[in-house]
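One file, target-v8.cif, is given below (mmCIF, C-alpha atoms and all ligand atoms).
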data_data
loop_
_atom_site.label_atom_id
_atom_site.label_comp_id
_atom_site.auth_asym_id
_atom_site.auth_seq_id
_atom_site.Cartn_x
_atom_site.Cartn_y
_atom_site.Cartn_z
CA MET A 96 4.39 15.00 -11.23
CA ASN A 97 7.07 12.69 -9.90
CA LYS A 98 6.17 9.41 -8.34
CA ILE A 99 7.34 9.39 -4.72
CA LEU A 100 5.81 6.16 -3.45
CA SER A 101 4.97 3.01 -5.27
CA ILE A 102 2.97 0.19 -3.69
CA ASP A 103 3.01 -2.83 -5.91
CA LYS A 104 0.90 -6.00 -5.44
CA VAL A 105 1.09 -5.78 -1.66
CA SER A 106 -0.59 -8.48 0.41
CA LEU A 107 -0.45 -8.88 4.17
CA THR A 108 -1.39 -11.79 6.39
CA TYR A 109 -1.19 -11.53 10.18
CA HIS A 110 -0.21 -14.74 11.94
CA THR A 111 -1.90 -14.97 15.32
CA LYS A 112 -2.47 -17.74 17.87
CA GLN A 113 -6.06 -17.97 16.60
CA GLY A 114 -4.88 -18.45 13.04
CA GLU A 115 -4.11 -16.38 10.00
CA ILE A 116 -5.83 -13.09 9.29
CA GLU A 117 -5.60 -12.02 5.68
CA ALA A 118 -5.68 -8.22 5.86
CA LEU A 119 -4.56 -6.97 2.45
CA ASN A 120 -4.91 -8.66 -0.90
CA ASN A 121 -2.93 -7.41 -3.86
CA ILE A 122 -2.95 -3.66 -3.27
CA THR A 123 -1.33 -1.53 -5.96
CA PHE A 124 -1.20 2.26 -6.13
CA ASP A 125 1.28 5.09 -6.62
CA VAL A 126 1.52 8.40 -4.82
CA PHE A 127 2.92 11.47 -6.53
CA ASN A 128 5.03 14.22 -5.06
CA GLY A 129 2.90 16.88 -3.36
CA GLU A 130 -0.28 14.86 -3.71
CA PHE A 131 -2.91 14.44 -1.00
CA VAL A 132 -4.30 10.92 -1.10
CA ALA A 133 -7.10 9.67 1.12
CA ILE A 134 -7.82 6.02 1.84
CA ILE A 135 -11.32 5.08 2.94
CA GLY A 136 -12.85 1.70 3.59
CA PRO A 137 -14.96 -0.32 6.02
CA SER A 138 -13.89 -0.57 9.64
CA GLY A 139 -11.10 -3.11 10.17
CA CYS A 140 -10.37 -3.51 6.46
CA GLY A 141 -6.65 -2.82 6.74
CA LYS A 142 -6.19 0.95 6.36
CA THR A 143 -3.81 1.33 9.30
CA SER A 144 -1.93 -1.76 8.11
CA ILE A 145 -1.23 -0.04 4.78
CA LEU A 146 0.16 3.01 6.60
CA SER A 147 2.34 0.77 8.78
CA ILE A 148 3.73 -0.95 5.70
CA ILE A 149 4.47 2.41 4.07
CA ALA A 150 6.29 3.49 7.23
CA GLY A 151 8.43 0.36 7.16
CA LEU A 152 6.97 -0.77 10.50
CA LEU A 153 5.42 -3.88 8.95
CA LYS A 154 6.76 -6.02 6.16
CA PRO A 155 4.25 -7.09 3.52
CA SER A 156 3.78 -10.83 3.05
CA LYS A 157 3.96 -10.25 -0.70
CA GLY A 158 4.73 -7.31 -2.95
CA THR A 159 6.99 -4.30 -2.79
CA VAL A 160 6.93 -0.72 -1.54
CA LEU A 161 9.34 1.75 -3.08
CA LEU A 162 10.10 5.22 -1.76
CA ASN A 163 11.71 7.29 -4.50
CA GLY A 164 12.54 4.05 -6.27
CA SER A 165 14.23 2.33 -3.30
CA PRO A 166 12.75 -0.39 -1.10
CA ILE A 167 11.66 0.65 2.39
CA LEU A 168 13.50 -1.80 4.60
CA SER A 169 13.16 -0.16 8.00
CA PRO A 170 11.32 2.75 9.62
CA SER A 171 12.35 5.81 7.68
CA GLU A 172 12.80 9.42 8.73
CA SER A 173 11.34 10.43 5.39
CA ILE A 174 7.92 9.33 6.58
CA GLY A 175 6.24 11.24 9.38
CA TYR A 176 2.93 10.52 11.04
CA MET A 177 -0.03 12.06 12.77
CA LEU A 178 -2.43 9.93 14.73
CA GLN A 179 -5.86 10.21 16.28
CA LYS A 180 -4.31 10.91 19.67
CA ASP A 181 -1.74 13.67 19.43
CA GLN A 182 0.60 11.82 21.81
CA LEU A 183 2.13 14.97 23.17
CA PHE A 184 3.94 14.50 26.45
CA ALA A 185 2.02 16.24 29.24
CA TRP A 186 5.16 17.10 31.20
CA ARG A 187 6.88 18.80 28.29
CA THR A 188 6.14 22.31 27.04
CA VAL A 189 4.99 22.96 23.48
CA GLU A 190 8.55 23.77 22.46
CA GLN A 191 10.02 20.73 24.21
CA ASN A 192 7.43 18.51 22.54
CA ALA A 193 8.18 19.98 19.13
CA LEU A 194 11.93 19.48 19.63
CA LEU A 195 11.59 15.86 20.71
CA PRO A 196 12.51 14.31 17.33
CA LEU A 197 15.78 16.27 17.37
CA GLU A 198 16.56 14.91 20.83
CA ILE A 199 15.76 11.37 19.75
CA HIS A 200 18.01 11.71 16.73
CA LYS A 201 20.70 13.35 18.84
CA SER A 202 20.63 16.47 16.73
CA ILE A 203 19.33 18.90 19.34
CA LYS A 204 22.53 20.93 18.88
CA ASP A 205 21.91 21.17 15.14
CA LEU A 206 21.12 24.88 14.97
CA GLU A 207 19.61 24.71 11.52
CA LYS A 208 17.10 22.06 12.57
CA ARG A 209 16.29 23.95 15.78
CA LYS A 210 15.72 27.13 13.81
CA ASN A 211 13.39 25.22 11.52
CA VAL A 212 11.23 24.13 14.48
CA GLU A 213 11.19 27.69 15.85
CA LEU A 214 10.17 28.98 12.47
CA LEU A 215 7.33 26.48 12.25
CA LEU A 216 6.08 27.43 15.73
CA LYS A 217 6.15 31.10 14.74
CA LYS A 218 4.57 30.57 11.35
CA TYR A 219 1.70 28.55 12.71
CA GLY A 220 0.73 30.65 15.72
CA LEU A 221 2.31 28.64 18.50
CA TRP A 222 5.32 30.74 19.40
CA ASP A 223 3.50 32.63 22.14
CA PHE A 224 2.49 29.30 23.62
CA ARG A 225 5.93 27.70 23.47
CA LYS A 226 6.24 27.61 27.26
CA SER A 227 2.71 26.25 27.74
CA TYR A 228 1.92 22.63 28.52
CA PRO A 229 -0.37 20.53 26.30
CA ASN A 230 -3.24 20.58 28.82
CA GLU A 231 -3.33 24.38 28.50
CA LEU A 232 -4.04 24.17 24.76
CA SER A 233 -7.19 23.51 22.75
CA GLY A 234 -7.52 20.21 20.87
CA GLY A 235 -6.81 22.01 17.61
CA MET A 236 -3.65 23.65 18.90
CA ARG A 237 -2.44 20.33 20.25
CA GLN A 238 -2.85 18.77 16.81
CA ARG A 239 -0.87 21.65 15.31
CA VAL A 240 1.95 21.03 17.77
CA ALA A 241 1.85 17.33 16.90
CA LEU A 242 2.12 18.19 13.21
CA ILE A 243 5.02 20.57 13.79
CA ARG A 244 6.78 17.91 15.84
CA THR A 245 6.35 15.56 12.89
CA LEU A 246 7.73 18.21 10.52
CA ALA A 247 10.78 18.81 12.74
CA TYR A 248 12.66 16.12 10.91
CA SER A 249 11.53 17.27 7.47
CA PRO A 250 9.75 14.09 6.36
CA LYS A 251 8.82 13.82 2.70
CA ILE A 252 5.56 11.98 3.27
CA LEU A 253 3.07 12.36 6.09
CA ARG A 254 0.89 9.48 7.17
CA LEU A 255 -2.30 10.73 8.78
CA ASP A 256 -4.29 8.03 10.57
CA GLU A 257 -7.70 9.48 11.49
CA PRO A 258 -5.98 12.57 12.91
CA PHE A 259 -9.21 14.51 13.46
CA SER A 260 -11.58 11.84 14.70
CA ALA A 261 -11.07 12.55 18.41
CA LEU A 262 -12.08 16.20 17.96
CA ASP A 263 -15.62 17.55 18.17
CA TYR A 264 -17.25 18.47 14.87
CA GLN A 265 -16.70 22.25 14.95
CA THR A 266 -13.06 21.92 15.98
CA ARG A 267 -12.52 19.20 13.42
CA LEU A 268 -13.51 21.49 10.56
CA SER A 269 -11.14 24.28 11.54
CA VAL A 270 -8.24 21.98 12.48
CA CYS A 271 -8.70 20.25 9.17
CA ASP A 272 -8.24 23.62 7.39
CA ASP A 273 -5.19 24.44 9.53
CA VAL A 274 -3.49 21.11 9.04
CA TYR A 275 -4.22 21.13 5.32
CA GLY A 276 -2.80 24.65 5.03
CA ILE A 277 0.41 23.66 6.81
CA ILE A 278 0.85 20.52 4.71
CA LYS A 279 0.39 22.48 1.47
CA ASN A 280 2.59 25.37 2.62
CA GLU A 281 5.38 23.01 3.53
CA LYS A 282 4.86 21.16 0.23
CA LYS A 283 4.45 17.74 1.81
CA THR A 284 2.91 14.65 0.32
CA ALA A 285 0.14 13.27 2.52
CA ILE A 286 -1.69 9.97 2.88
CA LEU A 287 -4.80 10.25 5.01
CA VAL A 288 -6.79 7.36 6.40
CA THR A 289 -10.29 8.29 7.52
CA HIS A 290 -13.77 6.94 8.22
CA ASP A 291 -15.21 10.29 7.30
CA ILE A 292 -16.21 10.48 3.63
CA SER A 293 -16.73 14.27 3.71
CA GLU A 294 -13.30 14.79 5.20
CA ALA A 295 -11.73 12.68 2.45
CA ILE A 296 -13.52 14.66 -0.28
CA ALA A 297 -12.70 18.01 1.35
CA LEU A 298 -8.98 17.24 1.57
CA ALA A 299 -7.95 14.81 -1.10
CA ASP A 300 -6.75 15.03 -4.68
CA ARG A 301 -7.45 11.34 -5.00
CA ILE A 302 -9.48 8.87 -2.93
CA ILE A 303 -8.71 5.17 -2.79
CA VAL A 304 -11.70 3.08 -1.72
CA LEU A 305 -10.96 -0.29 -0.17
CA THR A 306 -13.24 -3.32 0.09
CA LYS A 307 -13.85 -5.12 3.34
CA ARG A 308 -11.17 -7.50 4.57
CA PRO A 309 -9.15 -9.00 2.94
CA SER A 310 -8.90 -5.59 1.38
CA LYS A 311 -8.63 -5.01 -2.31
CA ILE A 312 -8.87 -1.68 -4.10
CA LEU A 313 -12.50 -1.18 -5.04
CA ASN A 314 -12.03 2.12 -6.81
CA VAL A 315 -9.73 5.10 -7.20
CA HIS A 316 -11.36 8.50 -7.70
CA LEU A 317 -9.72 11.68 -8.91
CA ILE A 318 -11.49 14.38 -6.89
CA ASP A 319 -12.17 17.37 -9.11
CA THR A 320 -12.98 19.93 -6.42
CA ASP A 321 -11.52 23.43 -6.76
CA LYS A 322 -8.04 23.20 -5.23
CA THR A 323 -7.83 26.96 -4.69
CA LEU A 324 -10.54 26.60 -2.03
CA THR A 325 -9.87 25.58 1.57
CA PRO A 326 -11.25 22.20 2.69
CA LEU A 327 -14.07 23.98 4.53
CA GLN A 328 -15.02 25.97 1.41
CA ARG A 329 -14.91 22.82 -0.69
CA ARG A 330 -17.61 21.30 1.50
CA GLU A 331 -19.91 24.07 0.29
CA SER A 332 -18.85 23.91 -3.33
CA MET A 333 -20.61 22.49 -6.37
CA GLY A 334 -20.13 18.81 -6.87
CA PHE A 335 -19.32 18.07 -3.25
CA SER A 336 -22.61 16.40 -2.43
CA SER A 337 -22.61 14.25 -5.53
CA TRP A 338 -19.14 12.97 -4.58
CA PHE A 339 -20.50 12.26 -1.12
CA GLU A 340 -23.47 10.29 -2.44
CA ARG A 341 -21.31 8.33 -4.81
CA LEU A 342 -18.75 7.32 -2.20
CA TRP A 343 -21.38 6.68 0.46
CA ARG A 344 -23.14 4.29 -1.88
CA GLU A 345 -19.88 2.58 -2.76
CA LEU A 346 -18.95 2.05 0.88
CA ASN A 347 -22.39 0.91 1.94
CA TYR A 348 -22.60 -1.52 -0.92
CA GLU A 349 -19.37 -2.95 0.50
CA LYS A 350 -20.71 -3.52 4.06
N1 LIG B 401 -0.99 -6.83 15.04
C1 LIG B 401 -2.04 -7.51 14.56
N2 LIG B 401 -2.16 -8.83 14.74
C2 LIG B 401 -3.20 -9.51 14.25
N3 LIG B 401 -4.21 -8.95 13.54
C3 LIG B 401 -4.14 -7.64 13.34
C4 LIG B 401 -3.07 -6.84 13.82
N4 LIG B 401 -3.29 -5.56 13.47
C5 LIG B 401 -4.44 -5.56 12.78
N5 LIG B 401 -4.96 -6.81 12.70
C6 LIG B 401 -6.19 -7.20 12.00
O1 LIG B 401 -6.05 -6.86 10.63
C7 LIG B 401 -7.23 -6.26 10.13
C8 LIG B 401 -6.93 -4.88 9.60
O2 LIG B 401 -6.54 -4.04 10.67
P1 LIG B 401 -6.27 -2.47 10.51
O3 LIG B 401 -6.03 -1.93 11.85
O4 LIG B 401 -5.23 -2.28 9.49
O5 LIG B 401 -7.67 -1.98 9.93
P2 LIG B 401 -8.27 -0.51 9.83
O6 LIG B 401 -8.95 -0.44 8.51
O7 LIG B 401 -7.24 0.49 10.15
O8 LIG B 401 -9.36 -0.57 11.00
P3 LIG B 401 -10.12 0.66 11.71
O9 LIG B 401 -11.12 1.12 10.71
O10 LIG B 401 -10.77 0.01 12.88
O11 LIG B 401 -9.09 1.68 12.08
C9 LIG B 401 -8.23 -6.28 11.28
O12 LIG B 401 -9.09 -7.36 11.12
C10 LIG B 401 -7.38 -6.42 12.51
O13 LIG B 401 -8.07 -7.14 13.49
MG MG B 402 -7.14 2.01 11.64
#

I'd like the structure from this file rewritten - as structure tokens, please.
Amino acid sequence: MNKILSIDKVSLTYHTKQGEIEALNNITFDVFNGEFVAIIGPSGCGKTSILSIIAGLLKPSKGTVLLNGSPILSPSESIGYMLQKDQLFAWRTVEQNALLPLEIHKSIKDLEKRKNVELLLKKYGLWDFRKSYPNELSGGMRQRVALIRTLAYSPKILRLDEPFSALDYQTRLSVCDDVYGIIKNEKKTAILVTHDISEAIALADRIIVLTKRPSKILNVHLIDTDKTLTPLQRRESMGFSSWFERLWRELNYEK
């Protein structure tokens, strides 16, 4: 597999009026093309900060981040995101929300890109709802629209920052399957940050465990679940609970 992202000896210190907050300490890991990586760690340890650095929204105090071998100097279109809140605009229809990135990039007249968004809406069961407004959709459908909006600009990597944590448990399981299916179908590389150990095991090829702040990498685990199963099926599969116990212990030891 080709290396798509390379994070090398990255440290980050926030400078605030109250003083310096050392968030990340010497973080090194690579992400490979098509891989699904999850990052877990104690609350406030610096998970979102890592995603912001990868997106080029924050500059590390030390270290380098390379996307396909080149430094990330500014926010890049190659890196999409999905957050806890779907951030759909209430006054825009599903279709208008999904087309927003094209408007922002002044490529709304680009027929190929428009067709791509239409295709995604059709493929993922939202075409019949294209004239609906976000408040007429279920939480799961809203997250699907948010993902399609992110895909409108064909990013190479998706950053997922606790994208399911605002959903109730039942919905979370099915949305998780949906979102995973779309990401795999579209052959995207994904980096997921989550508090939820089960979610990380169900989705990820690899899990990076962080220590409490200032965060270092405590461990990296290659998750050997059956990748032909859906995330929901993996939760029921052999080996799942032993992964859970292992990671739970690791994280609780860290608290
Ligand atoms: N803009 C900022 N200015 C100053 N300190 C910040 C800023 N953003 C984050 N921090 C601090 O840096 C540390 C890491 O924050 P970050 O949001 O990356 O952690 P996290 O692991 O995503 O947390 P959570 O689990 O709550 O989502 C925290 O202690 C936070 O208070
Ligand atoms: Mg966070």

(message) To check your reading of the model: which residues sit at most 6 Å from ligand LIG 401 (chain B) when counting all atoms listed in the file? Write the answer as a list in words.
(response) Tyr109, Thr111, Ala118, Ser138, Gly139, Cys140, Gly141, Lys142, Thr143 and Ser144 of chain A

(request) Could you pull out the residues sitting within 12 Å of ligand MG 402 (chain B), using all atoms listed in the file, and write them as a ChimeraX atom specification? (result) /A:118,134-147,178-179,254-258,260,287-290

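Proximity ranking of A:Leu195, A:Ala150, A:Met333, A:Ile252 relative to Lys98 (chain A) places A:Ile252 first, based on all atoms listed in the file.
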
(message) Calculated over only C-alpha atoms, which of the candidates A:Leu346, A:Asn97, A:Cys271, A:Pro250 has the smallest distance to Ile312 (chain A)?
(response) A:Leu346

(message) Excluding Ile116 (chain A) and its own-chain neighbours fewer than 3 positions away, which residues fall within 10 Å of it when counting only C-alpha atoms? Please give them as a list of chain:residue names.
(response) A:Leu107, A:Thr108, A:Tyr109, A:His110, A:Thr111, A:Gln113, A:Leu119, A:Arg308, A:Pro309

Using C-alpha atoms, can you export the residues from the last selection as a short mmCIF file (atom, residue, chain, number, x, y, z; two decimals), in the coordinates of the input?
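File produced: selection38.cif:
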data_model
loop_
_atom_site.label_atom_id
_atom_site.label_comp_id
_atom_site.auth_asym_id
_atom_site.auth_seq_id
_atom_site.Cartn_x
_atom_site.Cartn_y
_atom_site.Cartn_z
CA LEU A 107 -0.45 -8.88 4.17
CA THR A 108 -1.39 -11.79 6.39
CA TYR A 109 -1.19 -11.53 10.18
CA HIS A 110 -0.21 -14.74 11.94
CA THR A 111 -1.90 -14.97 15.32
CA GLN A 113 -6.06 -17.97 16.60
CA LEU A 119 -4.56 -6.97 2.45
CA ARG A 308 -11.17 -7.50 4.57
CA PRO A 309 -9.15 -9.00 2.94
#

(request) Kindly indicate which residue among A:Gly164, A:Pro229, A:Gly220, A:Gly158 lies nearest to Val189 (chain A), using all atoms listed in the file for the distances. (result) A:Pro229

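Considering all atoms listed in the file, the residue among A:Val132, A:Tyr248, A:Leu305, A:Glu198 positioned nearest to Ile318 (chain A) is A:Val132.
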
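Take the candidates A:Glu130, A:Glu213, A:Asp223, A:Asp272 and check each one against Ala285 (chain A) using all atoms listed in the file; the shortest distance goes to A:Glu130.
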
(request) Excluding Val240 (chain A) and any residue of its chain fewer than 6 positions from it, enumerate the residues within 9 Å of it, using all atoms listed in the file, and give them as a ChimeraX atom specification. (result) /A:181,183,189-190,192-193,216,221,229

(request) Would you kindly identify which residues have an atom no farther than 12 Å from (-10.8, 22.3, 24.0), using all atoms listed in the file and the file's own coordinates, and write them out as a list in words? (result)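 It turns out the residues near that spot are Pro229, Asn230, Glu231, Leu232, Ser233, Gly234, Gly235, Met236, Arg237, Gln238, Ala261, Leu262, Asp263, Tyr264, Gln265, Thr266, Arg267 and Val270 of chain A.
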
(message) Quick check, in Å to one decimal: how far apart do CA of Ile277 (chain A) and CA of Ser169 (chain A) lie?
(response) 27.0 Å

Find the nearest atom pair between each residue of region 127-161 of chain A and region 170-176 of chain A for residues within 9 Å, count all atoms listed in the file, give distances in Å to one decimal, sort rows by chain and ascending number, and present the table as CSV.
residue,atom,partner,partner_atom,distance
A:Ile149,CA,A:Ile174,CA,8.1
A:Ala150,CA,A:Pro170,CA,5.6
A:Gly151,CA,A:Pro170,CA,4.5
A:Leu152,CA,A:Pro170,CA,5.7
A:Leu153,CA,A:Pro170,CA,8.9

(request) In Å, rounded to a single decimal, give me how far CA of Ile122 (chain A) is from CA of Ser293 (chain A). (result)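 According to the coordinates, CA of Ser293 (chain A) and CA of Ile122 (chain A) are separated by 23.7 Å.
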
(request) Show which residues sit within 9 Å of Lys279 (chain A), as a PyMOL selection string. Count all atoms listed in the file, and ignore same-chain residues fewer than 5 positions away. (result) chain A and resi 129+274+284

(request) Counting only C-alpha atoms, figure out which residue out of A:Trp343, A:Tyr348, A:Trp222, A:Trp338 gets nearest to Lys307 (chain A). (result)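 Ranking A:Trp343, A:Tyr348, A:Trp222, A:Trp338 by distance to Lys307 (chain A), first place goes to A:Tyr348.
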
(message) For a test of reading the model, state the distance in Å between CA of His316 (chain A) and CA of Ala299 (chain A), rounded to one decimal.
(response) 9.7 Å

Since the input lacks some atoms of region 225-236 of chain A, please model all heavy atoms and print them as a compact mmCIF listing (two decimals), in the frame of the given file.
# COMPACT_ATOMS: atom_id res chain seq x y z
N ARG A 225 4.84 28.69 23.44
CA ARG A 225 5.93 27.70 23.47
C ARG A 225 6.25 27.20 24.87
O ARG A 225 6.73 26.10 25.05
CB ARG A 225 7.19 28.24 22.78
CG ARG A 225 7.84 29.43 23.46
CD ARG A 225 8.91 30.01 22.55
NE ARG A 225 9.60 31.14 23.16
CZ ARG A 225 9.10 32.37 23.25
NH1 ARG A 225 7.87 32.63 22.81
NH2 ARG A 225 9.78 33.35 23.81
N LYS A 226 5.97 28.04 25.88
CA LYS A 226 6.24 27.61 27.26
C LYS A 226 5.01 26.98 27.92
O LYS A 226 5.05 26.63 29.09
CB LYS A 226 6.69 28.82 28.11
CG LYS A 226 7.89 29.57 27.55
CD LYS A 226 9.20 28.91 27.96
CE LYS A 226 10.41 29.69 27.47
NZ LYS A 226 11.17 28.96 26.45
N SER A 227 3.92 26.86 27.17
CA SER A 227 2.71 26.25 27.74
C SER A 227 2.81 24.74 27.68
O SER A 227 3.57 24.17 26.89
CB SER A 227 1.47 26.67 26.95
OG SER A 227 1.38 28.07 26.88
N TYR A 228 1.99 24.09 28.51
CA TYR A 228 1.92 22.63 28.52
C TYR A 228 0.70 22.19 27.71
O TYR A 228 -0.28 22.94 27.61
CB TYR A 228 1.87 22.12 29.96
CG TYR A 228 3.21 22.31 30.63
CD1 TYR A 228 3.52 23.49 31.29
CD2 TYR A 228 4.18 21.31 30.56
CE1 TYR A 228 4.78 23.68 31.86
CE2 TYR A 228 5.43 21.49 31.13
CZ TYR A 228 5.72 22.67 31.77
OH TYR A 228 6.97 22.86 32.31
N PRO A 229 0.74 20.98 27.17
CA PRO A 229 -0.37 20.53 26.30
C PRO A 229 -1.76 20.70 26.92
O PRO A 229 -2.70 21.08 26.23
CB PRO A 229 -0.04 19.05 26.06
CG PRO A 229 1.45 18.99 26.12
CD PRO A 229 1.84 20.00 27.17
N ASN A 230 -1.89 20.47 28.23
CA ASN A 230 -3.24 20.58 28.82
C ASN A 230 -3.75 22.02 28.88
O ASN A 230 -4.90 22.26 29.23
CB ASN A 230 -3.31 19.89 30.20
CG ASN A 230 -2.47 20.60 31.24
OD1 ASN A 230 -1.85 21.64 30.95
ND2 ASN A 230 -2.44 20.08 32.44
N GLU A 231 -2.88 22.97 28.54
CA GLU A 231 -3.33 24.38 28.50
C GLU A 231 -3.78 24.79 27.10
O GLU A 231 -4.14 25.92 26.87
CB GLU A 231 -2.19 25.30 28.95
CG GLU A 231 -1.70 25.00 30.36
CD GLU A 231 -0.41 25.75 30.69
OE1 GLU A 231 0.67 25.31 30.27
OE2 GLU A 231 -0.51 26.79 31.37
N LEU A 232 -3.71 23.85 26.16
CA LEU A 232 -4.04 24.17 24.76
C LEU A 232 -5.38 23.55 24.36
O LEU A 232 -5.82 22.56 24.94
CB LEU A 232 -2.97 23.61 23.83
CG LEU A 232 -1.51 23.98 24.08
CD1 LEU A 232 -0.64 23.33 23.01
CD2 LEU A 232 -1.33 25.49 24.06
N SER A 233 -5.98 24.12 23.31
CA SER A 233 -7.19 23.51 22.75
C SER A 233 -6.79 22.27 21.94
O SER A 233 -5.61 22.10 21.58
CB SER A 233 -7.87 24.51 21.82
OG SER A 233 -7.07 24.73 20.69
N GLY A 234 -7.79 21.43 21.65
CA GLY A 234 -7.52 20.21 20.87
C GLY A 234 -6.87 20.53 19.53
O GLY A 234 -5.96 19.85 19.08
N GLY A 235 -7.34 21.62 18.91
CA GLY A 235 -6.81 22.01 17.61
C GLY A 235 -5.35 22.44 17.69
O GLY A 235 -4.54 22.09 16.83
N MET A 236 -5.04 23.21 18.74
CA MET A 236 -3.65 23.65 18.90
C MET A 236 -2.74 22.46 19.17
O MET A 236 -1.62 22.38 18.66
CB MET A 236 -3.55 24.65 20.06
CG MET A 236 -4.17 25.99 19.75
SD MET A 236 -4.33 26.94 21.25
CE MET A 236 -2.77 27.80 21.23
